[in-house]
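Dumped input.pdb below, it's PDB, C-alpha atoms:
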```pdb
ATOM      1  CA  MET T  13      -3.478   1.877 -27.195
ATOM      2  CA  LEU T  14      -1.243   2.321 -24.160
ATOM      3  CA  GLN T  15       0.690   5.570 -24.342
ATOM      4  CA  PRO T  16       4.431   5.731 -23.516
ATOM      5  CA  PHE T  17       5.391   5.763 -19.859
ATOM      6  CA  LYS T  18       5.459   9.245 -18.345
ATOM      7  CA  LEU T  19       8.891   8.912 -16.810
ATOM      8  CA  CYS T  20       9.005  12.579 -15.877
ATOM      9  CA  ASN T  21       6.081  12.033 -13.513
ATOM     10  CA  LEU T  22       7.546   9.114 -11.611
ATOM     11  CA  VAL T  23       8.572  10.230  -8.135
ATOM     12  CA  LEU T  24      11.283   8.109  -6.540
ATOM     13  CA  SER T  25      11.263   8.617  -2.774
ATOM     14  CA  ARG T  26      14.920   7.857  -2.172
ATOM     15  CA  SER T  27      18.262   9.550  -2.252
ATOM     16  CA  PHE T  28      20.588   8.235  -4.933
ATOM     17  CA  SER T  29      23.601   8.789  -2.687
ATOM     18  CA  GLY T  30      24.890   5.293  -1.911
ATOM     19  CA  TYR T  31      21.774   3.668  -3.368
ATOM     20  CA  VAL T  32      23.622   0.892  -5.204
ATOM     21  CA  SER T  33      25.635   0.084  -2.066
ATOM     22  CA  ARG T  34      22.453  -0.164   0.019
ATOM     23  CA  ILE T  35      20.716  -2.409  -2.495
ATOM     24  CA  ARG T  36      23.669  -4.783  -2.697
ATOM     25  CA  TYR T  37      23.899  -4.821   1.089
ATOM     26  CA  LEU T  38      20.226  -5.776   1.253
ATOM     27  CA  MET T  39      20.762  -8.509  -1.328
ATOM     28  CA  ARG T  40      23.511  -9.975   0.822
ATOM     29  CA  LEU T  41      21.268  -9.894   3.908
ATOM     30  CA  LYS T  42      18.495 -11.650   1.968
ATOM     31  CA  GLU T  43      20.755 -14.436   0.755
ATOM     32  CA  ASP T  44      23.224 -14.859   3.628
ATOM     33  CA  ASP T  45      21.599 -16.097   6.851
ATOM     34  CA  GLU T  46      24.657 -15.391   8.967
ATOM     35  CA  ALA T  47      24.984 -11.832   7.668
ATOM     36  CA  CYS T  48      21.305 -11.247   8.409
ATOM     37  CA  ARG T  49      21.635 -12.581  11.949
ATOM     38  CA  GLU T  50      24.551 -10.208  12.452
ATOM     39  CA  ALA T  51      22.459  -7.302  11.130
ATOM     40  CA  LEU T  52      19.785  -8.088  13.725
ATOM     41  CA  LYS T  53      22.229  -6.924  16.394
ATOM     42  CA  SER T  54      22.116  -3.350  15.108
ATOM     43  CA  GLY T  55      18.758  -3.151  13.395
ATOM     44  CA  ASN T  56      15.648  -0.999  13.636
ATOM     45  CA  PHE T  57      12.426  -2.849  14.402
ATOM     46  CA  LEU T  58       8.791  -2.131  13.606
ATOM     47  CA  LEU T  59       6.413  -4.010  15.887
ATOM     48  CA  TYR T  60       2.993  -5.333  14.866
ATOM     49  CA  HIS T  61       0.328  -6.734  17.171
ATOM     50  CA  LYS T  62      -1.952  -8.984  15.124
ATOM     51  CA  LEU T  63      -0.824  -7.048  12.043
ATOM     52  CA  SER T  64      -1.486  -3.602  13.564
ATOM     53  CA  PRO T  65       1.666  -1.415  13.514
ATOM     54  CA  LEU T  66       3.014   0.338  16.609
ATOM     55  CA  LEU T  67       2.711   4.138  16.465
ATOM     56  CA  ARG T  68       4.054   6.827  18.762
ATOM     57  CA  LYS T  69       2.751  10.329  19.332
ATOM     58  CA  THR T  70       5.266  13.087  18.679
ATOM     59  CA  SER T  71       5.765  16.263  20.694
ATOM     60  CA  SER T  72       3.811  18.166  18.020
ATOM     61  CA  GLY T  73       0.784  15.899  18.442
ATOM     62  CA  THR T  74       1.239  13.945  15.208
ATOM     63  CA  TYR T  75       2.042  10.239  14.939
ATOM     64  CA  LYS T  76       4.929   8.258  13.482
ATOM     65  CA  LEU T  77       5.999   4.637  13.219
ATOM     66  CA  ALA T  78       7.763   3.497  16.367
ATOM     67  CA  SER T  79      11.219   2.257  15.391
ATOM     68  CA  LEU T  80      13.076   0.370  18.120
ATOM     69  CA  LYS T  81      16.790  -0.362  18.327
ATOM     70  CA  THR T  82      17.861  -3.920  19.081
ATOM     71  CA  SER T  83      18.939  -3.171  22.655
ATOM     72  CA  ASP T  84      15.668  -1.367  23.401
ATOM     73  CA  LEU T  85      13.579  -4.163  21.917
ATOM     74  CA  GLU T  86      15.444  -6.837  23.875
ATOM     75  CA  GLN T  87      14.869  -4.895  27.109
ATOM     76  CA  ILE T  88      11.163  -4.575  26.333
ATOM     77  CA  LEU T  89      10.906  -8.297  25.620
ATOM     78  CA  GLU T  90      12.573  -9.095  28.924
ATOM     79  CA  ASN T  91      10.186  -6.757  30.754
ATOM     80  CA  VAL T  92       7.136  -8.588  29.353
ATOM     81  CA  GLY T  93       8.604 -12.028  30.041
ATOM     82  CA  LYS T  94       9.705 -12.973  26.530
ATOM     83  CA  ASP T  95      13.090 -14.479  25.631
ATOM     84  CA  THR T  96      15.275 -11.998  23.754
ATOM     85  CA  HIS T  97      15.977 -14.636  21.085
ATOM     86  CA  PHE T  98      12.478 -13.800  19.857
ATOM     87  CA  VAL T  99      14.170 -10.994  17.911
ATOM     88  CA  ASN T 100      15.328 -13.678  15.463
ATOM     89  CA  GLU T 101      11.698 -14.127  14.370
ATOM     90  CA  SER T 102      11.868 -10.724  12.626
ATOM     91  CA  PHE T 103      11.664 -10.274   8.860
ATOM     92  CA  LEU T 104      13.928  -8.018   6.820
ATOM     93  CA  LEU T 105      12.149  -4.993   5.306
ATOM     94  CA  GLY T 106      14.933  -2.839   3.909
ATOM     95  CA  CYS T 107      17.415  -0.326   5.187
ATOM     96  CA  THR T 108      17.452   3.382   5.909
ATOM     97  CA  ASP T 109      19.320   5.990   3.868
ATOM     98  CA  LYS T 110      22.095   5.572   6.443
ATOM     99  CA  GLY T 111      22.323   1.868   5.694
ATOM    100  CA  GLU T 112      20.676   0.697   8.923
ATOM    101  CA  PRO T 113      18.733  -2.566   8.420
ATOM    102  CA  GLN T 114      14.991  -2.493   9.134
ATOM    103  CA  PHE T 115      12.913  -5.428  10.352
ATOM    104  CA  SER T 116       9.274  -6.185  11.152
ATOM    105  CA  LEU T 117       8.237  -8.365  14.090
ATOM    106  CA  GLU T 118       4.809  -9.771  14.936
ATOM    107  CA  VAL T 119       4.175  -9.713  18.709
ATOM    108  CA  GLY T 120       0.521 -10.725  18.654
ATOM    109  CA  ASP T 121       1.056 -13.507  21.200
ATOM    110  CA  LEU T 122       2.170 -11.003  23.835
ATOM    111  CA  ASP T 123      -0.041  -8.835  26.036
ATOM    112  CA  ARG T 124      -1.009  -5.788  24.032
ATOM    113  CA  SER T 125      -1.491  -3.317  26.881
ATOM    114  CA  ALA T 126       1.795  -4.313  28.522
ATOM    115  CA  LEU T 127       3.656  -3.818  25.251
ATOM    116  CA  GLU T 128       2.044  -0.459  24.574
ATOM    117  CA  LYS T 129       3.070   0.699  28.027
ATOM    118  CA  GLU T 130       6.651  -0.517  27.615
ATOM    119  CA  CYS T 131       6.942   0.931  24.096
ATOM    120  CA  ARG T 132       5.190   4.205  24.944
ATOM    121  CA  GLY T 133       2.959   3.831  21.900
ATOM    122  CA  MET T 134      -0.179   2.162  20.611
ATOM    123  CA  PHE T 135      -0.989  -0.511  18.050
ATOM    124  CA  VAL T 136      -3.311   0.885  15.376
ATOM    125  CA  ASP T 137      -5.230  -0.875  12.606
ATOM    126  CA  LEU T 138      -3.351  -0.230   9.365
ATOM    127  CA  ARG T 139      -6.263   1.420   7.542
ATOM    128  CA  LYS T 140      -6.620   3.905  10.386
ATOM    129  CA  ALA T 141      -2.839   4.306  10.713
ATOM    130  CA  PHE T 142      -2.661   5.475   7.096
ATOM    131  CA  PHE T 143      -4.633   8.580   8.072
ATOM    132  CA  MET T 144      -2.287   9.254  10.983
ATOM    133  CA  LEU T 145       1.170   8.640   9.508
ATOM    134  CA  PRO T 146       3.264  11.035   7.417
ATOM    135  CA  GLY T 147       3.266  10.068   3.739
ATOM    136  CA  PRO T 148       6.733   8.461   3.484
ATOM    137  CA  GLU T 149       6.050   6.095   6.401
ATOM    138  CA  SER T 150       2.819   4.587   5.032
ATOM    139  CA  PRO T 151       4.519   2.343   2.398
ATOM    140  CA  LEU T 152       6.931   0.978   5.013
ATOM    141  CA  ALA T 153       4.081   0.174   7.406
ATOM    142  CA  ALA T 154       2.213  -1.530   4.570
ATOM    143  CA  LYS T 155       5.244  -3.561   3.502
ATOM    144  CA  GLY T 156       5.847  -4.753   7.047
ATOM    145  CA  GLN T 157       2.280  -5.953   7.435
ATOM    146  CA  ALA T 158       2.198  -7.595   3.997
ATOM    147  CA  LEU T 159       5.360  -9.583   4.672
ATOM    148  CA  LEU T 160       4.110 -10.743   8.070
ATOM    149  CA  ARG T 161       0.765 -11.784   6.599
ATOM    150  CA  TRP T 162       2.407 -13.725   3.777
ATOM    151  CA  HIS T 163       4.498 -15.753   6.202
ATOM    152  CA  GLN T 164       1.458 -16.446   8.391
ATOM    153  CA  THR T 165      -0.451 -17.869   5.414
ATOM    154  CA  ASN T 166       2.388 -19.851   3.812
ATOM    155  CA  CYS T 167       3.545 -22.037   6.677
ATOM    156  CA  TYR T 168       2.717 -25.204   4.744
ATOM    157  CA  CYS T 169       3.574 -26.497   1.283
ATOM    158  CA  SER T 170       0.596 -26.524  -1.095
ATOM    159  CA  ALA T 171       1.938 -29.659  -2.800
ATOM    160  CA  THR T 172       2.761 -31.856   0.224
ATOM    161  CA  GLY T 173       1.051 -30.224   3.202
ATOM    162  CA  GLN T 174       4.391 -30.329   5.020
ATOM    163  CA  PRO T 175       5.707 -27.315   6.958
ATOM    164  CA  THR T 176       7.775 -24.774   5.051
ATOM    165  CA  VAL T 177      10.913 -23.285   6.594
ATOM    166  CA  ARG T 178      11.904 -19.638   6.221
ATOM    167  CA  ASN T 179      15.390 -18.317   5.680
ATOM    168  CA  GLN T 180      16.672 -15.786   8.222
ATOM    169  CA  SER T 181      15.676 -12.680   6.251
ATOM    170  CA  GLY T 182      12.209 -13.995   5.421
ATOM    171  CA  SER T 183      12.729 -13.508   1.681
ATOM    172  CA  LEU T 184      11.621 -17.096   0.982
ATOM    173  CA  ARG T 185      10.232 -20.313   2.462
ATOM    174  CA  VAL T 186      11.258 -23.851   1.463
ATOM    175  CA  CYS T 187       9.511 -27.191   1.710
ATOM    176  CA  HIS T 188      12.308 -29.678   2.325
ATOM    177  CA  SER T 189       9.972 -32.556   1.467
ATOM    178  CA  SER T 190       9.205 -31.397  -2.076
ATOM    179  CA  GLY T 191      12.110 -29.010  -2.654
ATOM    180  CA  ILE T 192       9.693 -26.234  -3.637
ATOM    181  CA  THR T 193      10.765 -22.680  -2.819
ATOM    182  CA  TYR T 194       8.066 -20.084  -2.139
ATOM    183  CA  TYR T 195       8.603 -16.333  -2.495
ATOM    184  CA  PRO T 196       6.392 -13.496  -1.216
ATOM    185  CA  LYS T 197       3.946 -12.510  -3.940
ATOM    186  CA  MET T 198       1.721  -9.591  -4.861
ATOM    187  CA  ALA T 199      -1.471  -9.854  -6.920
ATOM    188  CA  PRO T 200      -1.560  -7.477  -9.940
ATOM    189  CA  VAL T 201      -4.484  -5.031  -9.925
ATOM    190  CA  VAL T 202      -5.387  -2.409 -12.520
ATOM    191  CA  ILE T 203      -6.816   0.876 -11.278
ATOM    192  CA  VAL T 204      -8.084   3.372 -13.815
ATOM    193  CA  LEU T 205      -9.557   6.850 -13.840
ATOM    194  CA  VAL T 206     -11.964   7.110 -16.765
ATOM    195  CA  SER T 207     -12.688  10.514 -18.314
ATOM    196  CA  ASP T 208     -14.975  11.751 -21.083
ATOM    197  CA  GLY T 209     -12.877  14.873 -21.556
ATOM    198  CA  SER T 210     -14.606  17.191 -19.086
ATOM    199  CA  ARG T 211     -15.716  14.782 -16.346
ATOM    200  CA  CYS T 212     -14.213  11.784 -14.575
ATOM    201  CA  LEU T 213     -15.939   8.609 -13.498
ATOM    202  CA  LEU T 214     -15.733   7.474  -9.869
ATOM    203  CA  ALA T 215     -17.448   4.574  -8.148
ATOM    204  CA  ARG T 216     -17.970   3.142  -4.688
ATOM    205  CA  GLN T 217     -18.318  -0.332  -3.240
ATOM    206  CA  ALA T 218     -20.638  -1.073  -0.344
ATOM    207  CA  MET T 219     -17.616  -1.683   1.899
ATOM    208  CA  PHE T 220     -16.270   1.865   1.367
ATOM    209  CA  PRO T 221     -16.672   4.451   4.144
ATOM    210  CA  PRO T 222     -19.805   6.583   3.649
ATOM    211  CA  GLY T 223     -19.396   9.148   0.900
ATOM    212  CA  MET T 224     -16.079   7.904  -0.489
ATOM    213  CA  TYR T 225     -15.756   7.369  -4.245
ATOM    214  CA  SER T 226     -12.669   6.071  -6.012
ATOM    215  CA  ALA T 227     -11.292   5.040  -9.390
ATOM    216  CA  LEU T 228     -12.340   1.719 -10.896
ATOM    217  CA  SER T 229     -10.103  -1.243 -10.109
ATOM    218  CA  GLY T 230      -9.915  -4.991 -10.421
ATOM    219  CA  PHE T 231      -7.577  -7.967 -10.317
ATOM    220  CA  CYS T 232      -5.849  -9.115 -13.490
ATOM    221  CA  ASP T 233      -7.001 -12.526 -14.683
ATOM    222  CA  MET T 234      -4.471 -15.252 -15.395
ATOM    223  CA  GLY T 235      -2.739 -14.591 -18.705
ATOM    224  CA  GLU T 236      -4.081 -11.050 -19.133
ATOM    225  CA  SER T 237      -1.989  -8.035 -19.979
ATOM    226  CA  MET T 238      -2.574  -4.811 -18.058
ATOM    227  CA  GLU T 239      -4.341  -3.340 -21.083
ATOM    228  CA  GLU T 240      -6.677  -6.321 -21.447
ATOM    229  CA  ALA T 241      -7.536  -6.318 -17.748
ATOM    230  CA  LEU T 242      -8.286  -2.599 -17.813
ATOM    231  CA  HIS T 243     -10.591  -2.832 -20.818
ATOM    232  CA  ARG T 244     -12.404  -5.795 -19.276
ATOM    233  CA  GLU T 245     -12.856  -4.276 -15.825
ATOM    234  CA  VAL T 246     -14.347  -1.035 -17.147
ATOM    235  CA  ALA T 247     -16.705  -2.970 -19.424
ATOM    236  CA  GLU T 248     -17.753  -5.323 -16.620
ATOM    237  CA  GLU T 249     -18.258  -2.764 -13.874
ATOM    238  CA  VAL T 250     -19.772   0.234 -15.679
ATOM    239  CA  GLY T 251     -20.573  -0.969 -19.216
ATOM    240  CA  LEU T 252     -18.228   1.436 -20.996
ATOM    241  CA  GLU T 253     -15.641   0.841 -23.704
ATOM    242  CA  VAL T 254     -12.419   2.778 -23.179
ATOM    243  CA  GLU T 255     -10.337   4.169 -26.008
ATOM    244  CA  ASN T 256      -6.941   5.684 -25.131
ATOM    245  CA  LEU T 257      -4.924   4.547 -22.122
ATOM    246  CA  GLN T 258      -2.032   6.280 -20.396
ATOM    247  CA  TYR T 259       0.124   4.762 -17.666
ATOM    248  CA  SER T 260       0.499   6.847 -14.493
ATOM    249  CA  GLY T 261       2.335   4.829 -11.839
ATOM    250  CA  SER T 262       2.249   1.869  -9.480
ATOM    251  CA  GLN T 263       1.892   1.180  -5.785
ATOM    252  CA  HIS T 264       2.000  -1.724  -3.387
ATOM    253  CA  TRP T 265      -1.335  -1.970  -1.570
ATOM    254  CA  PRO T 266      -1.685  -4.293   1.456
ATOM    255  CA  PHE T 267      -5.435  -4.870   1.098
ATOM    256  CA  PRO T 268      -7.107  -7.307   0.925
ATOM    257  CA  GLN T 269      -3.884  -9.303   1.052
ATOM    258  CA  SER T 270      -0.982  -7.841  -0.934
ATOM    259  CA  SER T 271      -1.749  -6.161  -4.241
ATOM    260  CA  PHE T 272       0.382  -4.475  -6.891
ATOM    261  CA  MET T 273      -1.627  -1.525  -8.199
ATOM    262  CA  LEU T 274      -0.996  -0.494 -11.823
ATOM    263  CA  ALA T 275      -2.550   2.939 -12.314
ATOM    264  CA  CYS T 276      -3.740   4.372 -15.630
ATOM    265  CA  HIS T 277      -5.888   7.095 -17.137
ATOM    266  CA  ALA T 278      -8.420   6.166 -19.835
ATOM    267  CA  THR T 279     -10.820   8.057 -22.030
ATOM    268  CA  VAL T 280     -14.189   7.150 -23.510
ATOM    269  CA  ASN T 281     -16.112   8.592 -26.423
ATOM    270  CA  PRO T 282     -17.968  11.704 -25.130
ATOM    271  CA  ASP T 283     -21.053  10.484 -27.009
ATOM    272  CA  LYS T 284     -21.010   7.086 -25.284
ATOM    273  CA  THR T 285     -20.965   7.845 -21.552
ATOM    274  CA  LYS T 286     -24.103   6.154 -20.264
ATOM    275  CA  VAL T 287     -23.135   4.129 -17.206
ATOM    276  CA  ASN T 288     -24.557   0.650 -16.713
ATOM    277  CA  ILE T 289     -23.480  -0.466 -13.226
ATOM    278  CA  ASP T 290     -22.794  -4.066 -12.260
ATOM    279  CA  LYS T 291     -24.604  -4.067  -8.915
ATOM    280  CA  ALA T 292     -22.766  -7.220  -7.827
ATOM    281  CA  GLU T 293     -19.510  -5.226  -7.933
ATOM    282  CA  LEU T 294     -20.483  -1.622  -7.235
ATOM    283  CA  GLU T 295     -22.954   0.249  -5.088
ATOM    284  CA  ASP T 296     -22.804   3.356  -7.274
ATOM    285  CA  ALA T 297     -20.832   4.987 -10.093
ATOM    286  CA  ARG T 298     -21.263   8.405 -11.628
ATOM    287  CA  TRP T 299     -19.578  11.219 -13.483
ATOM    288  CA  PHE T 300     -18.054  14.102 -11.510
ATOM    289  CA  THR T 301     -17.236  17.595 -12.709
ATOM    290  CA  TYR T 302     -13.954  19.404 -12.224
ATOM    291  CA  GLU T 303     -15.592  21.640  -9.610
ATOM    292  CA  GLU T 304     -16.743  18.654  -7.552
ATOM    293  CA  ILE T 305     -13.343  16.987  -7.751
ATOM    294  CA  SER T 306     -11.482  20.177  -6.885
ATOM    295  CA  GLU T 307     -13.651  20.708  -3.811
ATOM    296  CA  ALA T 308     -13.058  17.122  -2.642
ATOM    297  CA  LEU T 309      -9.289  17.389  -3.078
ATOM    298  CA  GLN T 310      -9.097  20.659  -1.192
ATOM    299  CA  ASN T 311     -11.246  19.479   1.726
ATOM    300  CA  PRO T 312     -10.327  15.907   2.707
ATOM    301  CA  PRO T 313     -11.928  14.502   5.870
ATOM    302  CA  ARG T 314      -9.749  14.942   8.933
ATOM    303  CA  ASP T 315     -11.081  11.872  10.694
ATOM    304  CA  PRO T 316     -12.452   8.896   8.678
ATOM    305  CA  ARG T 317     -14.520   7.812  11.681
ATOM    306  CA  ARG T 318     -16.790  10.855  11.847
ATOM    307  CA  ASP T 319     -17.844  14.121  10.201
ATOM    308  CA  LEU T 320     -17.572  12.644   6.714
ATOM    309  CA  PRO T 321     -18.683  14.834   3.781
ATOM    310  CA  ALA T 322     -21.308  13.629   1.324
ATOM    311  CA  PHE T 323     -18.568  13.121  -1.284
ATOM    312  CA  TRP T 324     -14.859  12.603  -0.752
ATOM    313  CA  VAL T 325     -11.988  10.820  -2.474
ATOM    314  CA  PRO T 326      -9.277   8.449  -1.194
ATOM    315  CA  PRO T 327      -6.550  10.124   0.890
ATOM    316  CA  SER T 328      -3.179  11.176  -0.466
ATOM    317  CA  TYR T 329      -1.372   7.908   0.340
ATOM    318  CA  ALA T 330      -3.573   5.996  -2.145
ATOM    319  CA  ILE T 331      -2.615   5.930  -5.813
ATOM    320  CA  ALA T 332      -6.278   6.588  -6.642
ATOM    321  CA  ASN T 333      -5.738  10.053  -5.176
ATOM    322  CA  GLN T 334      -2.747  10.530  -7.477
ATOM    323  CA  LEU T 335      -4.890   9.686 -10.515
ATOM    324  CA  ILE T 336      -7.615  12.096  -9.433
ATOM    325  CA  GLN T 337      -5.107  14.848  -8.701
ATOM    326  CA  GLU T 338      -3.428  14.388 -12.086
ATOM    327  CA  TRP T 339      -6.784  14.612 -13.843
ATOM    328  CA  ALA T 340      -7.707  17.767 -11.915
ATOM    329  CA  ASN T 341      -4.345  19.351 -12.755
ATOM    330  CA  GLN T 342      -4.829  18.562 -16.433
ATOM    331  CA  GLN T 343      -8.328  20.043 -16.350
ATOM    332  CA  GLN T 344      -7.029  23.186 -14.675
ATOM    333  CA  LEU T 345      -4.300  23.584 -17.305
ATOM    334  CA  SER T 346      -6.799  23.056 -20.109
ATOM    335  CA  ARG T 347      -9.116  25.690 -18.649
ATOM    336  CA  LYS T 348      -6.323  28.226 -18.424
ATOM    337  CA  LEU T 349      -5.334  27.609 -22.035
ATOM    338  CA  HIS T 350      -8.941  28.221 -23.101
ATOM    339  CA  GLY T 351      -9.384  31.246 -20.841
ATOM    340  CA  LEU T 352     -11.817  29.526 -18.459
ATOM    341  CA  LYS T 353     -11.889  29.745 -14.682
TER     342      LYS T 353
END
```
Rewrite the structure of this file - the entire thing - as structure tokens.
Amino acid sequence: MLQPFKLCNLVLSRSFSGYVSRIRYLMRLKEDDEACREALKSGNFLLYHKLSPLLRKTSSGTYKLASLKTSDLEQILENVGKDTHFVNESFLLGCTDKGEPQFSLEVGDLDRSALEKECRGMFVDLRKAFFMLPGPESPLAAKGQALLRWHQTNCYCSATGQPTVRNQSGSLRVCHSSGITYYPKMAPVVIVLVSDGSRCLLARQAMFPPGMYSALSGFCDMGESMEEALHREVAEEVGLEVENLQYSGSQHWPFPQSSFMLACHATVNPDKTKVNIDKAELEDARWFTYEEISEALQNPPRDPRRDLPAFWVPPSYAIANQLIQEWANQQQLSRKLHGLK
């Protein structure tokens, strides 16, 4: 049975000061083409080159998303020989706490090296960028890429084959031939950390970086509830039957297209923990102790391209890391209560 939502554990990364005003402003920009075009004149822009976001190095040696003002972006476009009206091809992402509208713009048709020079930054593959960006910026980078990708793959109506036309904000596309309206979509995915009480179960796919293990996950089938999908995925992938479920949180995830991750904890009977791996889905799956998990959380790899440990877990921006951290915290609390180290 699914336990009640743990509302106290939900972290909302926003200030509530003026939140309603910002949301209603965004709604107006989504629905009013003229208002959105006006907002483009004073917006902040994230650039993507073939879906790779533009990053800039800070004075401290770290990296951040490069956010360009309208006037700066127009000057850059002029310098690389592109008409400034190209700014209108941007898609609305949101707005800052100060109420400044944010947009994403794909510039993949322009010369990459020339743009990087003009912008004083570099375009970085999103998976790699996640390791380089501060935590709060990763979701914004992911949202920008996901929206760009959706528009690239929905240029034609699935019913008529005719071109679809976007509104100014990019919140929808319409086929004027059929009258069908298309909205950006996310595919629901369950991700679950299974525990037998003293150990947790992690698995890896062949496509994972060497040594990385994560929580089990899978797409929801048509008509399934989250609970049904979770039970099925665990049974399919590792041959276990889960008992209690507890919701943890959710996250947008841009891979492989645009997924909506629904994260849960689950337990199995401690007497029924034999893993039977579906080799078509997983390369490996095994139980890990608290000591192994604690070591992995305390020593994440600094560079995913080299010097990888024999066992490591997804980085902090992934909701899988949140599940693993929550489990480790619960284990630590339990040990203290029972006088164990």
Running the PyMOL selection byres ((chain T and resi 271) around 12) on this model by hand, what would come out? Give it as an MDAnalysis selection string. chainID T and resid 154:155 158:159 162 196:203 229:232 262:270 272:274
Got time to write the residues from that selection, C-alpha atoms, as a PDB file, in the coordinates of the input?
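Below is the file that was written, selection.pdb:
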```
ATOM      1  CA  ALA T 154       2.213  -1.530   4.570  1.00  0.00           C
ATOM      2  CA  LYS T 155       5.244  -3.561   3.502  1.00  0.00           C
ATOM      3  CA  ALA T 158       2.198  -7.595   3.997  1.00  0.00           C
ATOM      4  CA  LEU T 159       5.360  -9.583   4.672  1.00  0.00           C
ATOM      5  CA  TRP T 162       2.407 -13.725   3.777  1.00  0.00           C
ATOM      6  CA  PRO T 196       6.392 -13.496  -1.216  1.00  0.00           C
ATOM      7  CA  LYS T 197       3.946 -12.510  -3.940  1.00  0.00           C
ATOM      8  CA  MET T 198       1.721  -9.591  -4.861  1.00  0.00           C
ATOM      9  CA  ALA T 199      -1.471  -9.854  -6.920  1.00  0.00           C
ATOM     10  CA  PRO T 200      -1.560  -7.477  -9.940  1.00  0.00           C
ATOM     11  CA  VAL T 201      -4.484  -5.031  -9.925  1.00  0.00           C
ATOM     12  CA  VAL T 202      -5.387  -2.409 -12.520  1.00  0.00           C
ATOM     13  CA  ILE T 203      -6.816   0.876 -11.278  1.00  0.00           C
ATOM     14  CA  SER T 229     -10.103  -1.243 -10.109  1.00  0.00           C
ATOM     15  CA  GLY T 230      -9.915  -4.991 -10.421  1.00  0.00           C
ATOM     16  CA  PHE T 231      -7.577  -7.967 -10.317  1.00  0.00           C
ATOM     17  CA  CYS T 232      -5.849  -9.115 -13.490  1.00  0.00           C
ATOM     18  CA  SER T 262       2.249   1.869  -9.480  1.00  0.00           C
ATOM     19  CA  GLN T 263       1.892   1.180  -5.785  1.00  0.00           C
ATOM     20  CA  HIS T 264       2.000  -1.724  -3.387  1.00  0.00           C
ATOM     21  CA  TRP T 265      -1.335  -1.970  -1.570  1.00  0.00           C
ATOM     22  CA  PRO T 266      -1.685  -4.293   1.456  1.00  0.00           C
ATOM     23  CA  PHE T 267      -5.435  -4.870   1.098  1.00  0.00           C
ATOM     24  CA  PRO T 268      -7.107  -7.307   0.925  1.00  0.00           C
ATOM     25  CA  GLN T 269      -3.884  -9.303   1.052  1.00  0.00           C
ATOM     26  CA  SER T 270      -0.982  -7.841  -0.934  1.00  0.00           C
ATOM     27  CA  PHE T 272       0.382  -4.475  -6.891  1.00  0.00           C
ATOM     28  CA  MET T 273      -1.627  -1.525  -8.199  1.00  0.00           C
ATOM     29  CA  LEU T 274      -0.996  -0.494 -11.823  1.00  0.00           C
TER      30      LEU T 274
END
```
Hits from the PyMOL selection byres ((chain T and resi 69) around 10), listed as a ChimeraX atom specification: /T:67-68,70-78,132-134,144
Expand the PyMOL selection byres ((chain T and resi 44-50) around 12) into the individual residues it matches in the shown file, reporting them as a ChimeraX atom specification. /T:36-43,51-55,82,97,99-106,112-115,178-184
Residue subset to file, keeping C-alpha atoms, as a JSON list (two decimals), in the coordinates of the input:
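Once written, part_38.json looks like this:
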```
[["chain", "number", "residue", "atom", "x", "y", "z"],
["T", 36, "ARG", "CA", 23.67, -4.78, -2.70],
["T", 37, "TYR", "CA", 23.90, -4.82, 1.09],
["T", 38, "LEU", "CA", 20.23, -5.78, 1.25],
["T", 39, "MET", "CA", 20.76, -8.51, -1.33],
["T", 40, "ARG", "CA", 23.51, -9.98, 0.82],
["T", 41, "LEU", "CA", 21.27, -9.89, 3.91],
["T", 42, "LYS", "CA", 18.50, -11.65, 1.97],
["T", 43, "GLU", "CA", 20.76, -14.44, 0.76],
["T", 51, "ALA", "CA", 22.46, -7.30, 11.13],
["T", 52, "LEU", "CA", 19.78, -8.09, 13.72],
["T", 53, "LYS", "CA", 22.23, -6.92, 16.39],
["T", 54, "SER", "CA", 22.12, -3.35, 15.11],
["T", 55, "GLY", "CA", 18.76, -3.15, 13.40],
["T", 82, "THR", "CA", 17.86, -3.92, 19.08],
["T", 97, "HIS", "CA", 15.98, -14.64, 21.08],
["T", 99, "VAL", "CA", 14.17, -10.99, 17.91],
["T", 100, "ASN", "CA", 15.33, -13.68, 15.46],
["T", 101, "GLU", "CA", 11.70, -14.13, 14.37],
["T", 102, "SER", "CA", 11.87, -10.72, 12.63],
["T", 103, "PHE", "CA", 11.66, -10.27, 8.86],
["T", 104, "LEU", "CA", 13.93, -8.02, 6.82],
["T", 105, "LEU", "CA", 12.15, -4.99, 5.31],
["T", 106, "GLY", "CA", 14.93, -2.84, 3.91],
["T", 112, "GLU", "CA", 20.68, 0.70, 8.92],
["T", 113, "PRO", "CA", 18.73, -2.57, 8.42],
["T", 114, "GLN", "CA", 14.99, -2.49, 9.13],
["T", 115, "PHE", "CA", 12.91, -5.43, 10.35],
["T", 178, "ARG", "CA", 11.90, -19.64, 6.22],
["T", 179, "ASN", "CA", 15.39, -18.32, 5.68],
["T", 180, "GLN", "CA", 16.67, -15.79, 8.22],
["T", 181, "SER", "CA", 15.68, -12.68, 6.25],
["T", 182, "GLY", "CA", 12.21, -14.00, 5.42],
["T", 183, "SER", "CA", 12.73, -13.51, 1.68],
["T", 184, "LEU", "CA", 11.62, -17.10, 0.98]]
```
Quote the spacing between atom CA of Trp324 of chain T and atom CA of Gly223 of chain T in Å to one decimal place. 5.9 Å
Between atom CA of Pro175 of chain T and atom CA of Phe57 of chain T, distance in Å (one decimal):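 Result for atom CA of Pro175 of chain T versus atom CA of Phe57 of chain T: 26.4 Å, one decimal.
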Two-atom distance - atom CA of Gly261 of chain T, atom CA of Tyr31 of chain T (Å): 21.2 Å
